[in-house]
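Novice: You'll find protein26.txt just under this line, and it carries compact mmCIF, C-alpha atoms.
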```txt
# COMPACT_ATOMS: atom_id res chain seq x y z
CA MET A 823 25.08 37.91 -29.69
CA PHE A 824 26.93 37.93 -33.01
CA ALA A 825 30.16 36.92 -31.29
CA TRP A 826 28.34 33.99 -29.64
CA LEU A 827 26.89 32.83 -32.98
CA LYS A 828 30.29 33.15 -34.57
CA ARG A 829 31.83 30.90 -31.92
CA ARG A 830 29.08 28.33 -32.56
CA GLY A 831 29.79 28.30 -36.28
CA ALA A 832 32.53 26.57 -38.28
CA PRO A 833 36.02 27.03 -36.85
CA GLU A 834 38.30 29.44 -38.63
CA ILE A 835 41.12 27.94 -40.63
CA GLU A 836 44.47 29.49 -40.00
CA LYS A 837 46.64 29.83 -43.07
CA ARG A 838 50.33 30.65 -43.13
CA ALA A 839 52.88 31.00 -45.86
CA SER A 840 56.44 29.93 -45.23
CA ALA A 841 59.52 29.29 -47.32
CA ALA A 842 61.03 26.85 -44.84
CA GLY A 843 58.13 24.47 -44.22
CA TYR A 844 57.83 20.82 -45.07
CA THR A 845 55.77 21.38 -48.23
CA ALA A 846 58.21 23.97 -49.53
CA SER A 847 61.13 21.62 -48.88
CA VAL A 848 59.41 18.78 -50.74
CA MET A 849 58.61 21.05 -53.68
CA ALA A 850 62.19 22.32 -53.80
CA ALA A 851 63.54 18.75 -53.72
CA ARG A 852 61.13 17.75 -56.49
CA GLU A 853 62.18 20.73 -58.61
CA ASN A 854 65.85 19.89 -58.13
CA TRP A 855 65.20 16.26 -59.08
CA ILE A 856 63.34 17.24 -62.27
CA SER A 857 65.87 19.86 -63.35
CA GLY A 858 68.82 17.66 -62.48
CA LYS A 859 70.40 20.05 -59.99
CA MET A 860 70.20 17.91 -56.89
CA THR A 861 73.56 17.11 -55.36
CA VAL A 862 74.50 14.41 -52.90
CA ALA A 863 77.94 15.83 -52.26
CA GLU A 864 77.37 15.55 -48.51
CA LEU A 865 77.78 11.78 -48.96
CA THR A 866 81.38 12.18 -50.11
CA ALA A 867 84.37 11.81 -47.82
CA THR A 868 85.60 15.30 -48.71
CA VAL A 869 82.48 16.99 -47.40
CA GLN A 870 82.32 14.79 -44.31
CA ALA A 871 85.96 15.57 -43.53
CA CYS A 872 85.24 19.31 -43.70
CA VAL A 873 82.09 18.89 -41.61
CA THR A 874 84.08 16.92 -39.04
CA LEU A 875 86.57 19.78 -38.77
CA TRP A 876 83.74 22.23 -38.12
CA GLU A 877 82.12 19.88 -35.61
CA GLY A 878 85.35 19.24 -33.74
CA ALA A 879 86.31 22.91 -33.65
CA PHE A 880 82.99 23.98 -32.13
CA ALA A 881 83.04 21.07 -29.69
CA LEU A 882 86.46 22.24 -28.47
CA ALA A 883 85.39 25.89 -28.25
CA ASP A 884 85.69 27.77 -24.96
CA VAL A 885 82.22 29.11 -24.08
CA LYS A 886 81.87 31.66 -21.27
CA GLY A 887 78.61 33.13 -20.04
CA ALA A 888 76.26 30.49 -21.52
CA GLY A 889 76.02 27.25 -19.59
CA LEU A 890 73.37 25.90 -21.99
CA LEU A 891 75.93 25.78 -24.80
CA ASP A 892 77.67 22.60 -23.68
CA ARG A 893 80.09 20.69 -25.86
CA ARG A 894 77.47 18.31 -27.20
CA THR A 895 75.28 21.21 -28.28
CA MET A 896 78.22 23.08 -29.81
CA ALA A 897 79.18 20.00 -31.82
CA LEU A 898 75.59 19.76 -33.07
CA VAL A 899 75.67 23.45 -33.97
CA GLY A 900 78.90 23.05 -35.95
CA ARG A 901 77.64 20.05 -37.91
CA THR A 902 74.25 21.60 -38.64
CA LEU A 903 75.73 24.90 -39.77
CA ALA A 904 78.13 23.09 -42.09
CA LEU A 905 75.38 21.01 -43.72
CA ARG A 906 72.32 23.26 -43.46
CA GLY A 907 73.62 26.74 -42.75
CA GLU A 908 71.24 27.41 -39.84
CA CYS A 909 69.83 25.78 -36.73
CA VAL A 910 67.17 26.68 -34.19
CA PHE A 911 67.10 25.67 -30.50
CA LEU A 912 64.22 26.10 -28.10
CA ILE A 913 65.35 27.63 -24.79
CA ARG A 914 64.12 25.68 -21.81
CA ASP A 915 66.09 24.15 -18.95
CA ARG A 916 68.26 22.95 -21.80
CA LEU A 917 68.46 23.67 -25.54
CA ILE A 918 65.98 21.59 -27.58
CA PRO A 919 66.64 21.47 -31.34
CA PHE A 920 64.03 22.13 -34.00
CA THR A 921 64.18 19.78 -36.99
CA ASP A 922 61.94 22.00 -39.11
CA TRP A 923 60.41 25.39 -38.54
CA ASP A 924 58.59 28.29 -40.07
CA LEU A 925 58.58 31.83 -38.81
CA THR A 926 56.98 35.23 -39.06
CA THR A 927 58.98 38.44 -39.42
CA ARG A 928 58.52 42.12 -38.85
CA GLY A 929 61.04 44.45 -40.37
CA SER A 930 62.98 41.41 -41.63
CA VAL A 931 63.44 40.33 -38.00
CA PRO A 932 61.86 37.06 -36.78
CA VAL A 933 59.18 37.57 -34.14
CA ALA A 934 57.64 34.08 -33.76
CA TYR A 935 58.56 30.49 -34.60
CA ARG A 936 56.60 27.31 -35.10
CA GLY A 937 58.92 24.32 -35.03
CA GLN A 938 58.97 20.54 -34.91
CA ILE A 939 60.62 18.97 -31.88
CA PRO A 940 62.02 15.47 -32.56
CA GLU A 941 60.69 12.63 -30.43
CA VAL A 942 61.02 8.86 -30.59
CA ALA A 943 57.30 8.42 -31.19
CA GLY A 944 57.18 11.23 -33.76
CA SER A 945 57.80 14.95 -33.76
CA ARG A 946 55.52 17.45 -32.06
CA ALA A 947 54.93 21.08 -32.97
CA GLU A 948 55.36 24.06 -30.69
CA THR A 949 54.81 27.76 -31.30
CA VAL A 950 57.02 30.21 -29.42
CA LEU A 951 58.20 33.79 -29.57
CA ALA A 952 61.54 34.74 -31.06
CA ALA A 953 62.97 35.51 -27.61
CA GLU A 954 62.46 31.86 -26.66
CA VAL A 955 64.73 30.39 -29.33
CA LEU A 956 68.34 30.60 -30.42
CA HIS A 957 68.51 30.94 -34.19
CA PHE A 958 72.05 30.49 -35.50
CA ARG A 959 72.56 31.19 -39.20
CA ILE A 960 75.40 31.94 -41.57
CA ALA A 961 75.70 33.35 -45.10
CA SER A 962 72.37 35.20 -45.02
CA ASP A 963 71.62 37.25 -48.12
CA LEU A 964 69.76 40.51 -48.65
CA PHE A 965 66.49 38.89 -49.71
CA THR A 966 66.23 36.40 -46.82
CA PRO A 967 68.23 37.81 -43.89
CA TRP A 968 66.36 35.48 -41.52
CA ALA A 969 67.66 32.31 -43.25
CA GLY A 970 71.13 30.82 -43.61
CA LYS A 971 72.91 28.92 -46.36
CA SER A 972 75.43 26.11 -46.16
CA PRO A 973 78.66 26.01 -48.15
CA LEU A 974 77.15 23.26 -50.34
CA SER A 975 74.22 25.46 -51.32
CA ARG A 976 76.54 28.38 -51.97
CA ALA A 977 78.69 26.31 -54.32
CA PRO A 978 76.19 23.91 -55.95
CA LEU A 979 78.16 23.56 -59.18
CA SER A 980 81.32 22.32 -57.49
CA ALA A 981 79.29 20.10 -55.17
CA SER A 982 77.42 18.58 -58.10
CA LEU A 983 80.68 18.05 -60.02
CA LEU A 984 82.24 16.20 -57.11
CA SER A 985 79.21 13.98 -56.60
CA GLU A 986 78.96 13.21 -60.32
CA ILE A 987 82.63 12.26 -60.61
CA GLU A 988 82.59 10.01 -57.55
CA THR A 989 79.31 8.44 -58.69
CA ALA A 990 80.77 7.76 -62.13
CA LEU A 991 83.89 6.20 -60.63
CA ARG A 992 81.76 4.05 -58.35
CA ASP A 993 79.71 2.82 -61.31
CA VAL A 994 82.85 2.08 -63.34
CA TYR A 995 84.45 0.01 -60.60
CA ARG A 996 81.14 -1.74 -59.97
CA ASP A 997 80.04 -2.56 -63.54
CA ALA A 998 83.02 -2.21 -65.90
CA PRO A 999 84.87 -5.39 -66.97
CA LEU A 1000 88.07 -4.42 -65.18
CA GLY A 1001 90.96 -6.74 -65.98
CA SER A 1002 88.96 -8.59 -68.64
CA GLN A 1003 90.56 -9.49 -71.97
CA ILE A 1004 89.79 -10.83 -75.43
CA VAL A 1005 92.22 -13.72 -75.93
CA PRO A 1006 92.84 -15.29 -79.38
CA VAL A 1007 93.19 -19.08 -79.28
CA PRO A 1008 93.63 -21.71 -81.98
CA GLU A 1009 90.41 -22.81 -83.55
CA GLY A 1010 88.77 -25.95 -82.17
CA SER A 1011 85.47 -27.65 -82.48
CA ALA A 1012 82.25 -25.73 -81.93
CA GLU A 1013 81.55 -27.63 -78.74
CA ASP A 1014 85.00 -26.91 -77.32
CA MET A 1015 84.79 -23.22 -78.17
CA ALA A 1016 81.29 -22.96 -76.66
CA SER A 1017 82.35 -24.64 -73.43
CA LEU A 1018 85.46 -22.46 -73.26
CA ARG A 1019 83.40 -19.30 -73.66
CA GLN A 1020 80.93 -20.52 -71.07
CA ALA A 1021 83.72 -21.18 -68.59
CA PHE A 1022 84.90 -17.53 -68.76
CA LYS A 1023 81.46 -15.94 -68.92
CA GLY A 1024 80.66 -13.55 -66.08
CA ARG A 1025 84.09 -13.79 -64.46
CA ARG A 1026 85.25 -10.33 -63.67
CA GLY A 1027 88.95 -9.89 -64.22
CA SER A 1028 89.00 -12.89 -66.58
CA SER A 1029 88.57 -13.33 -70.31
CA LEU A 1030 84.97 -12.68 -71.29
CA VAL A 1031 85.31 -13.55 -75.00
CA ILE A 1032 87.45 -16.19 -76.66
CA GLU A 1033 88.19 -15.37 -80.27
CA GLY A 1034 89.22 -18.13 -82.63
CA VAL A 1035 91.79 -17.65 -85.39
CA ALA A 1036 89.34 -18.85 -88.03
CA GLN A 1037 86.75 -16.34 -86.92
CA ALA A 1038 89.29 -13.54 -87.21
CA THR A 1039 90.18 -14.70 -90.74
CA ALA A 1040 86.54 -14.79 -91.75
CA ALA A 1041 86.14 -11.25 -90.50
CA GLY A 1042 88.88 -10.08 -92.86
CA MET A 1043 91.70 -9.89 -90.32
CA ASN A 1044 95.07 -11.53 -90.67
CA PRO A 1045 95.29 -14.32 -88.06
CA ASN A 1046 99.04 -13.80 -87.74
CA ILE A 1047 98.64 -10.18 -86.58
CA GLY A 1048 97.22 -8.98 -83.29
CA LYS A 1049 97.38 -12.26 -81.42
CA GLY A 1050 98.08 -10.44 -78.16
CA PRO A 1051 95.22 -10.14 -75.67
CA ASP A 1052 92.99 -7.07 -76.05
CA GLN A 1053 92.09 -5.25 -72.84
CA LEU A 1054 88.47 -4.47 -72.09
CA SER A 1055 89.24 -2.26 -69.08
CA PRO A 1056 88.25 1.38 -69.71
CA ASP A 1057 91.10 3.87 -69.98
CA LEU A 1058 90.08 6.49 -67.41
CA SER A 1059 93.27 8.52 -67.85
CA LYS A 1060 92.01 9.91 -71.17
CA SER A 1061 88.97 11.33 -69.38
CA MET A 1062 91.18 13.33 -66.96
CA THR A 1063 89.36 11.68 -64.08
CA ALA A 1064 92.11 12.19 -61.52
CA GLU A 1065 92.55 15.86 -62.40
CA SER A 1066 88.81 16.56 -62.35
CA LEU A 1067 88.34 14.75 -59.05
CA ALA A 1068 91.21 16.65 -57.42
CA ALA A 1069 89.92 20.01 -58.72
CA ALA A 1070 86.36 19.37 -57.50
CA ARG A 1071 87.61 18.16 -54.14
CA ASP A 1072 89.87 21.18 -53.65
CA ALA A 1073 87.13 23.62 -54.68
CA LEU A 1074 84.63 22.14 -52.27
CA ALA A 1075 87.14 22.02 -49.42
CA LEU A 1076 87.92 25.69 -50.02
CA ALA A 1077 84.20 26.47 -49.86
CA PHE A 1078 84.23 25.13 -46.29
CA GLY A 1079 87.29 27.24 -45.48
CA VAL A 1080 89.67 24.27 -45.48
CA LEU A 1081 92.87 24.88 -47.41
CA PRO A 1082 93.26 22.25 -50.17
CA ALA A 1083 96.89 21.74 -49.14
CA LEU A 1084 95.61 19.99 -46.00
CA MET A 1085 94.38 17.10 -48.19
CA ASN A 1086 97.60 16.73 -50.12
CA ARG A 1087 99.45 13.50 -49.41
CA ALA A 1088 102.74 15.41 -49.37
CA THR A 1089 101.55 17.82 -46.68
CA THR A 1090 104.00 18.53 -43.86
CA GLY A 1091 103.49 19.68 -40.29
CA PRO A 1092 103.83 23.45 -40.92
CA VAL A 1093 101.24 23.28 -43.71
CA VAL A 1094 98.83 21.43 -41.43
CA ARG A 1095 99.26 24.06 -38.72
CA GLU A 1096 98.73 26.90 -41.20
CA ALA A 1097 95.60 25.21 -42.57
CA GLN A 1098 94.19 24.79 -39.07
CA ARG A 1099 95.08 28.38 -38.22
CA HIS A 1100 93.34 29.65 -41.36
CA LEU A 1101 90.22 27.60 -40.63
CA ALA A 1102 90.03 28.73 -37.01
CA GLN A 1103 90.91 32.40 -37.39
CA ILE A 1104 89.38 33.38 -40.73
CA VAL A 1105 86.38 31.04 -41.01
CA LEU A 1106 85.19 29.64 -37.68
CA GLN A 1107 86.00 32.45 -35.24
CA PRO A 1108 83.79 35.01 -37.06
CA ILE A 1109 80.97 32.44 -36.98
CA ALA A 1110 81.61 31.95 -33.27
CA GLN A 1111 81.30 35.70 -32.75
CA ILE A 1112 77.89 35.65 -34.50
CA LEU A 1113 76.78 32.77 -32.28
CA ALA A 1114 77.95 34.66 -29.20
CA GLU A 1115 75.95 37.75 -30.16
CA GLU A 1116 72.78 35.68 -30.65
CA ALA A 1117 73.30 33.86 -27.36
CA ALA A 1118 73.98 37.10 -25.49
CA ALA A 1119 70.82 38.71 -26.88
CA LYS A 1120 68.59 35.75 -25.95
CA LEU A 1121 70.23 34.41 -22.77
CA GLY A 1122 71.32 37.70 -21.26
CA GLY A 1123 74.77 38.69 -20.12
CA ARG A 1124 78.03 38.62 -21.98
CA VAL A 1125 78.82 35.47 -23.94
CA LEU A 1126 82.28 34.69 -25.32
CA ILE A 1127 83.04 31.80 -27.72
CA ASP A 1128 86.66 31.14 -28.64
CA VAL A 1129 87.73 28.43 -31.09
CA VAL A 1130 91.27 29.70 -31.70
CA ARG A 1131 92.81 28.88 -28.32
CA PRO A 1132 91.48 25.30 -27.96
CA MET A 1133 92.58 24.48 -31.52
CA GLN A 1134 96.00 26.01 -30.73
CA ALA A 1135 95.62 27.98 -33.94
CA PHE A 1136 97.81 30.80 -32.74
CA ASP A 1137 101.33 31.37 -34.01
CA ALA A 1138 103.27 30.07 -31.00
CA GLY A 1139 106.58 30.20 -32.85
CA GLY A 1140 106.02 33.78 -33.94
CA LYS A 1141 105.11 34.83 -30.41
CA ALA A 1142 108.22 33.15 -29.03
CA ARG A 1143 110.43 34.89 -31.59
CA ALA A 1144 108.77 38.24 -30.88
CA LEU A 1145 109.28 37.81 -27.13
CA ALA A 1146 112.94 36.87 -27.61
CA THR A 1147 113.44 39.93 -29.80
CA MET A 1148 111.81 42.20 -27.21
CA VAL A 1149 113.92 40.78 -24.38
CA GLY A 1150 117.08 41.23 -26.45
CA ALA A 1151 116.11 44.81 -27.30
CA LEU A 1152 115.49 45.62 -23.62
CA ALA A 1153 118.87 44.19 -22.65
CA GLN A 1154 120.62 46.24 -25.33
CA ALA A 1155 118.74 49.37 -24.23
CA ARG A 1156 119.91 48.94 -20.65
CA GLU A 1157 123.48 48.44 -21.78
CA ALA A 1158 123.24 51.64 -23.82
CA GLY A 1159 121.91 53.56 -20.81
CA ILE A 1160 118.42 54.17 -22.22
CA ASP A 1161 115.83 54.41 -19.47
CA GLY A 1162 112.34 52.98 -19.63
CA ALA A 1163 110.57 56.29 -20.34
CA THR A 1164 112.77 57.05 -23.32
CA LEU A 1165 112.30 53.53 -24.67
CA GLN A 1166 108.53 53.82 -24.25
CA ASP A 1167 108.53 57.14 -26.14
CA ALA A 1168 110.56 55.57 -28.93
CA LEU A 1169 108.17 52.64 -29.21
CA SER A 1170 105.20 54.99 -29.28
CA PHE A 1171 106.81 57.01 -32.05
CA ILE A 1172 107.46 53.84 -34.05
CA ASP A 1173 103.82 52.78 -33.66
CA TRP A 1174 102.62 56.22 -34.71
CA ALA A 1175 104.89 56.20 -37.76
```
Show the structure stored in the file as structure tokens.
Specialist:
Amino acid sequence: MFAWLKRRGAPEIEKRASAAGYTASVMAARENWISGKMTVAELTATVQACVTLWEGAFALADVKGAGLLDRRTMALVGRTLALRGECVFLIRDRLIPFTDWDLTTRGSVPVAYRGQIPEVAGSRAETVLAAEVLHFRIASDLFTPWAGKSPLSRAPLSASLLSEIETALRDVYRDAPLGSQIVPVPEGSAEDMASLRQAFKGRRGSSLVIEGVAQATAAGMNPNIGKGPDQLSPDLSKSMTAESLAAARDALALAFGVLPALMNRATTGPVVREAQRHLAQIVLQPIAQILAEEAAAKLGGRVLIDVVRPMQAFDAGGKARALATMVGALAQAREAGIDGATLQDALSFIDWA
């Protein structure tokens, strides 16, 4: 009876607390805007170049054991991890991305998800168990092991510096009177001087102010001195703009695992290959191993993801030299009368030593 009356009463309101929901994101964005910590570094060419490298590397990756991870999905994974640090896909006949989600945990392990699925007519929500989603994340910390962080959020100071410098340069080239001058001319009538000033007014790269000799004399200046044009263009070299921009760009590229030498205009082929090898072997391949473990746990079976071979980030020259050295050593061993067993024992002893 009481259960029946309870069902007839007001419906219960379900309340959940989440640190990744829409309200929390809006509050975090508002706090960053008020405190002045918001960065738009992802709008810069440096960040987009690094993101493109991540996206291309994962799109080229060799995936074995997971047919759902096609190249389009892998490219989306690479771009999302670079900009957001985590991504969630709903497992159905194909992988459906979540644009926003909240989750519940038990023992710091996610057990259920409620996510927003993007649609043309508006997103729709769906609640699923943790076994029904692929949750890829990088740079998780001790306090939130279920969430990931992007390189931009891990280096907010460098990201903010880069965005501020490029924004300042954009404003200078947009608003500053570049190429404008103050030109001294002989004094004429008031009407002539007014029409001459009006003719140059608002012309960027032209003379904005015409200074008469009589006006300079009345101001206490010698009219015979300083008759050369005075530049109104700002001197950006004294602000160390080029050095600051290069330092911020290199720091942010290094946060993505891209060697700054790759962006140097004097970069040669060997440096490019070493930069690609470093990005593939040290940065992206460990992430690929994490993705493979998550996919194997949720999809079943063994999953292998390799980004080194498709990017040709292996030392082909070193392998060729090593093979030539081994062939030469074998030929010399045969000439010296050393059999294969003795040579194998010698190699084993060298490895042990």
Novice: Could I get the residues of segment 1096-1159 of chain A with an atom no further than 12 Å from an atom of segment 904-914 of chain A, each paired with its nearest atom pair and that distance in Å to one decimal, using only C-alpha atoms, sorted by chain and residue number, as a tab-separated table?
Specialist:
```
residue	atom	partner	partner_atom	distance
A:Val1105	CA	A:Ala904	CA	11.5
A:Leu1106	CA	A:Ala904	CA	10.6
A:Ile1109	CA	A:Gly907	CA	10.9
A:Ile1112	CA	A:Glu908	CA	11.9
A:Leu1113	CA	A:Glu908	CA	10.8
A:Glu1116	CA	A:Val910	CA	11.2
A:Ala1117	CA	A:Ile913	CA	10.4
A:Lys1120	CA	A:Ile913	CA	8.8
A:Leu1121	CA	A:Ile913	CA	8.6
```
Novice: Taking into account all atoms listed in the file, which residue in the set A:Ala1070, A:Ala879, A:Ala952, A:Leu1076 is nearest to Gln1103 of chain A?
Specialist: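 Nearest to Gln1103 of chain A: A:Ala879.
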Novice: In Å, with one decimal, what is the gap from atom CA of Phe958 of chain A to atom CA of Met1085 of chain A?
Specialist: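 Separating atom CA of Phe958 of chain A from atom CA of Met1085 of chain A is a distance of 29.0 Å.
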Novice: May I ask for the distance between atom CA of Thr902 of chain A and atom CA of Val1093 of chain A, given in Å to one decimal place?
Specialist: 27.5 Å
Novice: In Å, rounded to a single decimal, give me how far atom CA of Phe920 of chain A is from atom CA of Thr895 of chain A.
Specialist: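 Straight-line distance from atom CA of Thr895 of chain A to atom CA of Phe920 of chain A works out to 12.7 Å.
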Novice: Closest to His1100 of chain A among A:Ser1066, A:Phe1136, A:Gly1159, A:Ile1127, using only C-alpha atoms?
Specialist: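 Of A:Ser1066, A:Phe1136, A:Gly1159, A:Ile1127, the one nearest His1100 of chain A, counting only C-alpha atoms, is A:Phe1136.
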